[in-house]
Each structure stands twice: as structure tokens, then as C-alpha cells.
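Read through the structure below, which is laid out as C-alpha cells, and then see the notes.
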Amino acid sequence: MRTPAMGQATETAPADASIVVGIVDDLAIGLTIHDASDGRLVYANRTAMLAGVGGTGDRTFASVERAVEIGGCRYDVVTAIDVTEQRRLAEKLADRAFFDELTGLPKGELIQQTVEDMVARSAAPFALSFIDVDNFKFVNDYYGHAAGDRLLKKIAERIAETARPTDVLARVGGDEFVFVTTPIASLSDIAPEIERLSARFKDPFFIDGSEIFISASIGVSLFPLHGRSYETLRASADSAMYRVKEIAKGGVKLFDAKLSEAATARMEVEQRLRGAIRDKRICCAFQPKIDFRSDRIVGLEVLLRWRDEDGVNHLPGAFITLAIELGLMDSITMIILQQVIDQIDLINDAFGPNASISLNVAAKQAGDLSFMIGLAEAIRDTGYPERFILELTEEAFLSKGDFQSHVLPILKEIGIGVSIDDFGVGYSSLSALAEITADELKVDRSFITGIHNKPRNQSILRMIELLGTSLGMRIVVEGIETFEELAYIEAATRISCAQGYYFAKPMFLQEPNKGAGTYPASRPARAQRFGAPSRAAQDRRR
């Protein structure tokens, strides 16, 4: 049998032609043939009739047209294929990429493109508001994530209710939204709009039969005043929002240049601090706790220092809040513990082998069961856990965390002591104090400074002493800086333990210019200070 070459026609019997027509008629690909001279339809199979012009109903067809010439006649041949499923899949993927599945709002990528388009065409001035729902984690923890999701949907609906047809709302994070108000005539035009939006959060949300009150912190930036790109405008609004959270959550703040400078400085400190942790440039100083009635060193507090690239030591006040916020304190605490272990021989030489060793633990760390178990085990593995005391603020004891119920029993079992630090400046609830199990109570220095001239502080100190003693806690006063302060405490109280600059400044045991355990040259040496009766004691004997 002779096979025709490509493109050649063959003679076909009528029976064979009907078979071919039947096959073509049932193809999934649509086929139509028109006479090119007059547009007359010569042939259309069933799929082509279904497709019609571009499709019918909810079906979508893609078509290709080409001209052919047969026997001197020209024809327009159109083939069409059903791409409905591909279209639906593409739309679904686009929705997932650009729209939030929970709220139906645009995602970050789409709002970014929208804003960039507005900037590119030099649109009228507009405001970009960054909205962060305050303490949303607590909603998830208390009511459950399903209720949290329903709350987010209602929040999105409530914000959308305040929007004008030209405004744009997007969800850019778990509990974060970006709201573009456009156009605006002036700052006075946008202020009432944002305040109205903020006020809507004061009304309760009803979720699954529960009445939930929440707030939202809102930062606002203006185009073109505060930036000419989405990233700049969002960063500006974000800085303003964080400033709201620092001052009072639930408010509104417009961005200003000082916020940008603060954000830049914060980022610089963060990067340097992370580098210091990586390079182990976090170090510890030591300050003794003195039994001033017997002139003995009974313990020491380990104080955190950050030694920067230039060898300058920074006090905790310059970075501790940021470290806690960034979740860096766990690493820092473990570095400090390791340094104590490495320097234990120097510590013993300077303060005595029986001196207690106090480590500070942030309230946020105290409520972290996993971290506290790890810390307790690390202290146990030193071989001398009974020497350690963990100093925590009242917040750690009174917050609804795992410390009192789970962590404290573990510490007690291992033999680690617990101290209430900075007592008097935190919660100071007398009823709550009765529930706290601690070994030591440290009176904050704010009550001690100039106490000999402050009758009200004297009364407060006597009350704290009575409470602590009745609850079986050792009392330590912080911040003794003058002889007069010490003399008053010796004469008017039974407190025997103190620390402060009057006795010794914090010291580095490994500083090259100082012997291990020696005090600064501006203070009396240890033998002079603690080997003889105190001046106050001598005065009483006269």
C-alpha cells in the first residue's frame, strides 16, 4: 500500500469520508471552516457549536485561526480547545497568591503593587495606616484559634465598613492590616477618618457567644510627605505604630522624622547586640552582698555588662529591654552562667567559697517552662546548685504563668534559692505576697536613697521588714551609698544584709589592671572594710 507524503491529499471513498467526518465531529477540539470569500460556514463540529464565539455559559475556549487554500478556494479554519479548568486553576492560584483566604482581603503583595502604581502615576496625596491588633495572642490562647480567626474576619469587616469606594484595605500579617485612604486633601482631612477607625475598635466583638474587647494601635504615614515608595511609607507607619505601643496601646500616631531616627538607632543597637552575643562579648561584673553587722561577705550578685567593639562596657539599662523584646535574654543568661562557672575559682578567692551567687532572670523568662527547666538543669550540673539564687521581680511570681506552679517546685527540689528583686516598685500586693514562696526579699534602692531624711520611706521599710520576716524571707536592702543610710538601717531595723556602692562597686574579676576580687582604688580594701567593725557599729558602742 502506498503511503501519501506529508501534506498530500488522498482519494477517499464516500464511506471513508463519512468515518472521517464522524471522528472529527466528536473531537474534543472544536473545528470550524468558513469560506474566506463570503464568510459562509462550510463546516462546524459539535465542540465548535458548543464553543460559539469565545465560549458559552461558564465554559471558556481558546481558539487559533489560520487560512488554508484547497483546490483554488480559500478557507478560514478555526480550532478551539476548552480551557475552562485551566482558567479556574489559574484564578484559584491567583486568589491564593494575592488574596487572604480567611478575610478575602488583598495580601501584602497586591497592596504593595497597588500603592506602587499610585506612586508611579503621581496620584493625589494619600495616607497609609498600619494597624496592629493589640495582644491578639491572648485571644488565641484564651478563646482558641478558631475564635481568633472569626475575630479577624469581623475586624476586617468592621474596618471595611469605614472605607470609601476609593480606599484600599489589605491583611499583611497575622493580626496586621494596611489601610490606604485615598485621596486626602490635607492632614486635617485624614485625622478624623483615622480617629473614627480607631474608635470602632472600642465596641465589643461578639464571637461564639462571648463578648470580646480589643484595641488596635495605628501608625500613619502620608504620601508624598513621608515617602515615595510602598516600603518607605509602610516602614514609616510601622515606626509610628510601635511608638503608640510604647506609650499606650490602642492609640493613633502620625509618623515624624524623629521616629525614623529612633528606629535606625534601635536597628543599629540590635545588630551590635546580636554580634556581641555571637562573639561572646557579653560579660559579668560582681557586687558583694554584705552582712554589715558581722562584717562578712555572704553573697554576690552577678551583673550583666555588654562590652562593645571598642571595649566600652554598657550597663543593662542601655539594652536589656531590647534584648527581652527580641528574645535574646535566654542566650545571654546562659552565657552569663557559663562565665560564672568558668570564674568560680576567682569568685571563691574574692568572696569566699560559701558566698551565694545571685543571677537575674527576666519575668518573661521565668514564665517560659522550657527555658527555666534548662537553666535549672544547667545549674544543677555545676555541682553546687545550693549556692545559686535566682532574682526575679514580683511580676514573675504574680503573672499567670508556669513559674509558681511548675518552675518553683523544680528549683526547690534542686536546691536553688529564689529572691524577689526590686520589691516595692512592682505589684506589691500584700495578698499576693502571702502566696509567694521565696527565700529572699530585696528592697528597691528607691526606698533606701536618703532614707535617714525620709520618714515615709522609713515607715515603708519597717513594714516590708515585718512582712518579709514573718514570711520567713531574708531581707536585703539595695543601693546603700552613704554612711548615713547605713547608720539608719543599722540603728532602726534588724536588717543585716545590704549591697551598694558604699561597700563596693561592681567589679570584673578578670580585668587586667585589677587583682582578682580587689575593690576599686577609690574604695577601702576588703580587709579594711570588712575586717573591722563598721563606723555605725563603733558609734553605737561609744
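Ligands are numbered from 1 in the order shown, chains are lettered A, B, ... in the order of the C-alpha cells, and residues start at 1 in each chain.
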
Inset, instruction - Just the strand (DSSP E) stuff from region 231-426 of chain A, please, per backbone DSSP, written as a count of residues only. - result: 45

Inset, instruction - Write out as a ChimeraX atom specification each polymer residue whose atoms come within 10 Å of region 303-310 of chain A, counting only C-alpha atoms; drop sequence neighbours fewer than 2 positions from it. - result: /A:272-273,275-277,280-287,300-301,312-320,332-333,336,358-360,506-508

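One distance worth recording is that between CA of Pro455 (chain A) and CA of Thr482 (chain A), which is 17.3 Å.
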
Inset, instruction - Report the distance between CA of Val220 (chain A) and CA of His145 (chain A) in Å, rounded to one decimal place. - result: 28.9 Å

Inset, instruction - Rank nothing, just name the residue among A:Gln338, A:Thr103, A:Ser229, A:Gln365 nearest to Ser122 (chain A), using only C-alpha atoms. - result: A:Ser229

Inset, instruction - Do a neighbour search on Ile347 (chain A) at 12 Å with only C-alpha atoms, toss out local chain neighbours closer than 5 positions, and write the hits as an MDAnalysis selection string. - result: chainID A and resid 284:288 297 299:302 339:342 352:357 387 507:510 515:518
